>>> print(open('model_35.cif').read())   # mmCIF, C-alpha atoms and all ligand atoms; chains and numbers go by the auth columns
data_entry
loop_
_atom_site.group_PDB
_atom_site.id
_atom_site.type_symbol
_atom_site.label_atom_id
_atom_site.label_comp_id
_atom_site.label_asym_id
_atom_site.label_seq_id
_atom_site.Cartn_x
_atom_site.Cartn_y
_atom_site.Cartn_z
_atom_site.B_iso_or_equiv
_atom_site.auth_seq_id
_atom_site.auth_asym_id
ATOM 1 C CA MET A 1 -14.215 -20.360 -23.337 0.00 1 A
ATOM 2 C CA LYS A 2 -12.883 -17.059 -22.007 0.00 2 A
ATOM 3 C CA LYS A 3 -13.864 -15.344 -18.786 0.00 3 A
ATOM 4 C CA HIS A 4 -13.221 -11.668 -18.236 0.00 4 A
ATOM 5 C CA LEU A 5 -11.972 -10.132 -15.035 0.00 5 A
ATOM 6 C CA THR A 6 -11.185 -6.554 -14.143 0.00 6 A
ATOM 7 C CA VAL A 7 -7.641 -6.224 -12.802 0.00 7 A
ATOM 8 C CA VAL A 8 -6.884 -3.097 -10.782 0.00 8 A
ATOM 9 C CA SER A 9 -3.284 -1.875 -10.647 0.00 9 A
ATOM 10 C CA PRO A 10 -1.775 -0.603 -7.358 0.00 10 A
ATOM 11 C CA GLN A 11 -2.398 2.899 -8.752 0.00 11 A
ATOM 12 C CA GLY A 12 -6.121 2.074 -9.052 0.00 12 A
ATOM 13 C CA THR A 13 -6.231 1.800 -12.836 0.00 13 A
ATOM 14 C CA PRO A 14 -8.673 -0.916 -13.938 0.00 14 A
ATOM 15 C CA SER A 15 -8.053 -3.035 -17.026 0.00 15 A
ATOM 16 C CA GLU A 16 -9.911 -5.939 -18.591 0.00 16 A
ATOM 17 C CA THR A 17 -8.187 -9.317 -18.566 0.00 17 A
ATOM 18 C CA ALA A 18 -9.371 -12.427 -20.387 0.00 18 A
ATOM 19 C CA LEU A 19 -8.795 -15.807 -18.727 0.00 19 A
ATOM 20 C CA SER A 20 -8.752 -19.031 -20.658 0.00 20 A
ATOM 21 C CA GLU A 21 -10.200 -22.139 -19.060 0.00 21 A
ATOM 22 C CA GLN A 22 -6.756 -23.717 -18.970 0.00 22 A
ATOM 23 C CA SER A 23 -4.388 -21.085 -17.761 0.00 23 A
ATOM 24 C CA LEU A 24 -3.630 -17.470 -16.971 0.00 24 A
ATOM 25 C CA ASN A 25 -0.337 -15.885 -17.864 0.00 25 A
ATOM 26 C CA ILE A 26 0.747 -13.372 -15.193 0.00 26 A
ATOM 27 C CA GLY A 27 4.446 -13.392 -16.005 0.00 27 A
ATOM 28 C CA VAL A 28 4.731 -17.111 -15.318 0.00 28 A
ATOM 29 C CA GLN A 29 2.411 -19.773 -16.602 0.00 29 A
ATOM 30 C CA VAL A 30 0.286 -21.260 -13.804 0.00 30 A
ATOM 31 C CA SER A 31 -2.806 -23.390 -13.922 0.00 31 A
ATOM 32 C CA ARG A 32 -6.113 -21.588 -13.459 0.00 32 A
ATOM 33 C CA ARG A 33 -6.776 -23.692 -10.357 0.00 33 A
ATOM 34 C CA GLN A 34 -3.413 -22.761 -8.785 0.00 34 A
ATOM 35 C CA TRP A 35 -3.999 -19.117 -9.552 0.00 35 A
ATOM 36 C CA LEU A 36 -7.485 -19.080 -8.044 0.00 36 A
ATOM 37 C CA GLN A 37 -6.204 -20.841 -4.910 0.00 37 A
ATOM 38 C CA THR A 38 -3.440 -18.264 -4.591 0.00 38 A
ATOM 39 C CA VAL A 39 -5.875 -15.382 -4.966 0.00 39 A
ATOM 40 C CA ALA A 40 -8.296 -16.957 -2.486 0.00 40 A
ATOM 41 C CA THR A 41 -5.601 -17.073 0.187 0.00 41 A
ATOM 42 C CA GLY A 42 -4.565 -13.507 -0.500 0.00 42 A
ATOM 43 C CA THR A 43 -0.968 -14.308 -1.407 0.00 43 A
ATOM 44 C CA ALA A 44 -1.431 -12.828 -4.871 0.00 44 A
ATOM 45 C CA LEU A 45 -1.537 -9.421 -3.190 0.00 45 A
ATOM 46 C CA ALA A 46 2.187 -9.780 -2.533 0.00 46 A
ATOM 47 C CA ALA A 47 2.655 -9.396 -6.267 0.00 47 A
ATOM 48 C CA GLY A 48 0.894 -6.029 -6.070 0.00 48 A
ATOM 49 C CA ALA A 49 -2.256 -7.111 -7.855 0.00 49 A
ATOM 50 C CA VAL A 50 -5.773 -6.658 -6.622 0.00 50 A
ATOM 51 C CA VAL A 51 -8.291 -8.659 -8.607 0.00 51 A
ATOM 52 C CA THR A 52 -12.035 -8.237 -8.582 0.00 52 A
ATOM 53 C CA GLY A 53 -14.638 -10.100 -10.548 0.00 53 A
ATOM 54 C CA GLY A 54 -16.101 -13.516 -9.801 0.00 54 A
ATOM 55 C CA ALA A 55 -17.628 -14.466 -6.493 0.00 55 A
ATOM 56 C CA LEU A 56 -14.546 -16.457 -5.502 0.00 56 A
ATOM 57 C CA LEU A 57 -12.368 -13.393 -5.951 0.00 57 A
ATOM 58 C CA GLN A 58 -14.476 -11.011 -3.893 0.00 58 A
ATOM 59 C CA GLY A 59 -12.735 -11.995 -0.653 0.00 59 A
ATOM 60 C CA CYS A 60 -9.505 -10.243 -1.581 0.00 60 A
ATOM 61 C CA GLY A 61 -10.324 -6.582 -1.684 0.00 61 A
ATOM 62 C CA SER A 62 -8.493 -3.523 -0.427 0.00 62 A
ATOM 63 C CA LYS A 63 -8.716 -4.787 3.172 0.00 63 A
ATOM 64 C CA ASN A 64 -5.515 -6.793 2.658 0.00 64 A
ATOM 65 C CA LYS A 65 -3.853 -4.291 0.366 0.00 65 A
ATOM 66 C CA GLU A 66 -0.628 -2.936 1.765 0.00 66 A
ATOM 67 C CA LEU A 67 -0.913 0.619 2.989 0.00 67 A
ATOM 68 C CA ALA A 68 0.969 3.158 0.860 0.00 68 A
ATOM 69 C CA CYS A 69 1.304 6.792 1.912 0.00 69 A
ATOM 70 C CA THR A 70 2.879 8.111 -1.255 0.00 70 A
ATOM 71 C CA ASP A 71 0.132 10.258 -2.811 0.00 71 A
ATOM 72 C CA LEU A 72 1.637 13.733 -2.865 0.00 72 A
ATOM 73 C CA ALA A 73 -1.158 15.359 -4.863 0.00 73 A
ATOM 74 C CA GLY A 74 -1.991 18.741 -3.407 0.00 74 A
ATOM 75 C CA LEU A 75 1.402 19.273 -1.773 0.00 75 A
ATOM 76 C CA SER A 76 3.317 22.403 -2.619 0.00 76 A
ATOM 77 C CA SER A 77 6.759 22.091 -4.152 0.00 77 A
ATOM 78 C CA GLN A 78 8.221 23.331 -0.854 0.00 78 A
ATOM 79 C CA ASP A 79 6.403 20.611 1.084 0.00 79 A
ATOM 80 C CA ARG A 80 7.643 18.002 -1.391 0.00 80 A
ATOM 81 C CA THR A 81 11.182 19.327 -1.053 0.00 81 A
ATOM 82 C CA THR A 82 10.991 19.175 2.739 0.00 82 A
ATOM 83 C CA ARG A 83 9.732 15.603 2.532 0.00 83 A
ATOM 84 C CA GLU A 84 12.645 14.685 0.290 0.00 84 A
ATOM 85 C CA GLN A 85 15.262 16.567 2.316 0.00 85 A
ATOM 86 C CA LEU A 86 14.191 14.799 5.493 0.00 86 A
ATOM 87 C CA LYS A 87 14.328 11.518 3.526 0.00 87 A
ATOM 88 C CA TYR A 88 10.845 10.385 4.492 0.00 88 A
ATOM 89 C CA VAL A 89 10.159 6.709 3.668 0.00 89 A
ATOM 90 C CA ASP A 90 7.042 4.577 4.177 0.00 90 A
ATOM 91 C CA HIS A 91 9.028 1.767 5.792 0.00 91 A
ATOM 92 C CA SER A 92 11.527 2.642 8.486 0.00 92 A
ATOM 93 C CA PRO A 93 14.893 0.899 8.286 0.00 93 A
ATOM 94 C CA ASP A 94 14.786 0.686 12.108 0.00 94 A
ATOM 95 C CA ALA A 95 11.705 -0.954 13.623 0.00 95 A
ATOM 96 C CA ALA A 96 12.352 0.937 16.870 0.00 96 A
ATOM 97 C CA LYS A 97 12.154 4.304 15.098 0.00 97 A
ATOM 98 C CA VAL A 98 8.834 4.484 13.288 0.00 98 A
ATOM 99 C CA CYS A 99 6.522 7.458 12.784 0.00 99 A
ATOM 100 C CA GLU A 100 3.880 6.174 15.204 0.00 100 A
ATOM 101 C CA GLY A 101 6.558 6.319 17.902 0.00 101 A
ATOM 102 C CA CYS A 102 7.669 9.836 16.977 0.00 102 A
ATOM 103 C CA ARG A 103 6.843 13.035 18.849 0.00 103 A
ATOM 104 C CA PHE A 104 5.552 14.651 15.648 0.00 104 A
ATOM 105 C CA TRP A 105 3.192 11.803 14.662 0.00 105 A
ATOM 106 C CA GLN A 106 -0.520 12.516 14.256 0.00 106 A
ATOM 107 C CA VAL A 107 -2.712 9.439 14.487 0.00 107 A
ATOM 108 C CA ALA A 108 -4.524 8.244 11.377 0.00 108 A
ATOM 109 C CA PRO A 109 -8.277 8.974 11.347 0.00 109 A
ATOM 110 C CA GLU A 110 -9.144 5.280 10.897 0.00 110 A
ATOM 111 C CA PRO A 111 -7.356 1.908 11.032 0.00 111 A
ATOM 112 C CA ASN A 112 -5.128 0.970 8.102 0.00 112 A
ATOM 113 C CA SER A 113 -4.917 4.510 6.782 0.00 113 A
ATOM 114 C CA CYS A 114 -2.192 7.123 6.611 0.00 114 A
ATOM 115 C CA GLY A 115 -1.595 9.473 9.487 0.00 115 A
ATOM 116 C CA ALA A 116 0.040 12.872 9.434 0.00 116 A
ATOM 117 C CA CYS A 117 3.023 14.705 10.851 0.00 117 A
ATOM 118 C CA THR A 118 3.480 18.207 12.211 0.00 118 A
ATOM 119 C CA LEU A 119 6.826 18.542 10.396 0.00 119 A
ATOM 120 C CA VAL A 120 6.430 16.570 7.162 0.00 120 A
ATOM 121 C CA LYS A 121 3.352 17.366 5.098 0.00 121 A
ATOM 122 C CA GLY A 122 1.382 14.770 3.197 0.00 122 A
ATOM 123 C CA PRO A 123 0.278 11.239 4.102 0.00 123 A
ATOM 124 C CA ILE A 124 2.522 9.534 6.650 0.00 124 A
ATOM 125 C CA HIS A 125 2.773 5.785 7.155 0.00 125 A
ATOM 126 C CA PRO A 126 2.655 4.645 10.808 0.00 126 A
ATOM 127 C CA LYS A 127 5.734 2.505 10.104 0.00 127 A
ATOM 128 C CA GLY A 128 7.480 5.285 8.185 0.00 128 A
ATOM 129 C CA HIS A 129 10.537 7.278 9.153 0.00 129 A
ATOM 130 C CA CYS A 130 12.433 10.468 8.393 0.00 130 A
ATOM 131 C CA ASN A 131 15.644 12.102 9.616 0.00 131 A
ATOM 132 C CA SER A 132 13.725 14.264 12.124 0.00 132 A
ATOM 133 C CA TRP A 133 12.481 11.281 14.125 0.00 133 A
ATOM 134 C CA VAL A 134 12.290 12.062 17.859 0.00 134 A
ATOM 135 C CA PRO A 135 10.853 9.600 20.378 0.00 135 A
ATOM 136 C CA THR A 136 7.550 10.444 22.025 0.00 136 A
ATOM 137 C CA GLU A 137 7.855 11.981 25.441 0.00 137 A
ATOM 138 C CA THR A 138 7.229 9.597 28.282 0.00 138 A
ATOM 139 C CA SER A 139 5.794 10.927 31.496 0.00 139 A
HETATM 140 S S1 LIG B . 9.016 13.774 12.005 0.00 1 B
HETATM 141 FE FE1 LIG B . 9.561 12.179 10.537 0.00 1 B
HETATM 142 S S2 LIG B . 9.681 10.318 11.778 0.00 1 B
HETATM 143 FE FE2 LIG B . 8.488 11.812 12.950 0.00 1 B
HETATM 144 S S3 LIG B . 6.336 11.442 12.416 0.00 1 B
HETATM 145 FE FE3 LIG B . 7.123 13.027 11.047 0.00 1 B
HETATM 146 S S4 LIG B . 7.776 11.907 9.215 0.00 1 B
HETATM 147 FE FE4 LIG B . 7.605 10.399 10.863 0.00 1 B
#
>>> encode(input="model_35.cif", output="structure tokens")
Amino acid sequence: MKKHLTVVSPQGTPSETALSEQSLNIGVQVSRRQWLQTVATGTALAAGAVVTGGALLQGCGSKNKELACTDLAGLSSQDRTTREQLKYVDHSPDAAKVCEGCRFWQVAPEPNSCGACTLVKGPIHPKGHCNSWVPTETS
């Protein structure tokens, strides 16, 4: 007997997936029980998959999804170029120099969402970084 789940890619594209009673093939063969246990604990999100469907799977929604501030829709080509020239990245190579500790950082409107920057246009990750990083002023 097959069960159908909707699998949503990191880009938000849904697709139907059929599960057999015995196993699910997600690149490696695992038992259905192992897979469901992995999803229930949220570790499947590390593979970049968000799964919705049965009641057991409802606990792993976007709440645990890793924040990505890479949607550049609506940015002008100049703003994109500036972002590239300043080498903006979502994950700073130096934990002491992240966007939320930068003078140009603008706080995200709600928790676990992208903030903004007065220099670099577009969504900015609180743990991001670019070559214009300047520490916040301390008084
Ligand atoms: S200037 Fe660079 S490091 Fe500072 S908040 Fe903007 S993107 Fe982040």
>>> resolve_selection(input="model_35.cif", expression="the PyMOL selection byres (((not hetatm)) within 7 of (chain B and resi 1))", output="PyMOL selection string")
chain A and resi 88+98-100+102-105+117-120+124+128-134
>>> resolve_selection(input="model_35.cif", expression="the PyMOL selection byres (((chain A and resi 111-113) around 9) and not hetatm)", output="list in words")
Lys63, Glu66, Leu67, Ala68, Cys69, Ala108, Pro109, Glu110, Cys114, Gly115, Pro123, Ile124, His125 and Pro126 of chain A
>>> atom_distance(input="model_35.cif", atom1="CA of Lys127 in chain A", atom2="CA of Gly74 in chain A")
22.5 Å
>>> atom_distance(input="model_35.cif", atom1="CA of Leu86 in chain A", atom2="CA of Gly101 in chain A")
16.9 Å
>>> axis_aligned_box(input="model_35.cif", around="range 72-83 of chain A", padding_each_side="3 Å", output="AutoDock Vina command-line options")
--center_x 4.6 --center_y 18.5 --center_z -1.1 --size_x 19.2 --size_y 15.6 --size_z 13.6
>>> atom_distance(input="model_35.cif", atom1="CA of Arg80 in chain A", atom2="CA of Ala96 in chain A")
25.4 Å
>>> closest_residue(input="model_35.cif", among="A:Thr136, A:Glu84, A:Ser92, A:Lys97", to="Leu72 in chain A", atoms="all atoms listed in the file")
A:Glu84
>>> closest_residue(input="model_35.cif", among="A:Glu137, A:Asp94, A:Lys121, A:Ala116", to="Asp79 in chain A", atoms="all atoms listed in the file")
A:Lys121
>>> build_atoms(input="model_35.cif", residues="range 96-109 of chain A", atoms="N, CA and C atoms", output="short mmCIF file (atom, residue, chain, number, x, y, z; two decimals), in the coordinates of the input")
data_model
loop_
_atom_site.label_atom_id
_atom_site.label_comp_id
_atom_site.auth_asym_id
_atom_site.auth_seq_id
_atom_site.Cartn_x
_atom_site.Cartn_y
_atom_site.Cartn_z
N ALA A 96 12.51 0.22 15.60
CA ALA A 96 12.35 0.94 16.87
C ALA A 96 12.14 2.43 16.65
N LYS A 97 12.28 2.88 15.41
CA LYS A 97 12.15 4.30 15.10
C LYS A 97 11.17 4.49 13.96
N VAL A 98 9.90 4.33 14.29
CA VAL A 98 8.83 4.48 13.29
C VAL A 98 8.00 5.71 13.61
N CYS A 99 7.29 6.22 12.62
CA CYS A 99 6.52 7.46 12.78
C CYS A 99 5.53 7.39 13.95
N GLU A 100 4.87 6.24 14.13
CA GLU A 100 3.88 6.17 15.20
C GLU A 100 4.53 6.24 16.58
N GLY A 101 5.84 6.17 16.64
CA GLY A 101 6.56 6.32 17.90
C GLY A 101 7.31 7.64 17.97
N CYS A 102 6.97 8.54 17.08
CA CYS A 102 7.67 9.84 16.98
C CYS A 102 6.82 10.94 17.62
N ARG A 103 7.50 11.90 18.19
CA ARG A 103 6.84 13.04 18.85
C ARG A 103 5.96 13.83 17.89
N PHE A 104 6.28 13.83 16.62
CA PHE A 104 5.55 14.65 15.65
C PHE A 104 4.42 13.91 14.93
N TRP A 105 4.22 12.66 15.29
CA TRP A 105 3.19 11.80 14.66
C TRP A 105 1.79 12.27 15.02
N GLN A 106 0.90 12.24 14.03
CA GLN A 106 -0.52 12.52 14.26
C GLN A 106 -1.29 11.29 13.78
N VAL A 107 -2.05 10.72 14.71
CA VAL A 107 -2.71 9.44 14.49
C VAL A 107 -3.64 9.48 13.27
N ALA A 108 -3.65 8.38 12.54
CA ALA A 108 -4.52 8.24 11.38
C ALA A 108 -5.99 8.30 11.82
N PRO A 109 -6.87 8.84 10.98
CA PRO A 109 -8.28 8.97 11.35
C PRO A 109 -9.01 7.64 11.48
#
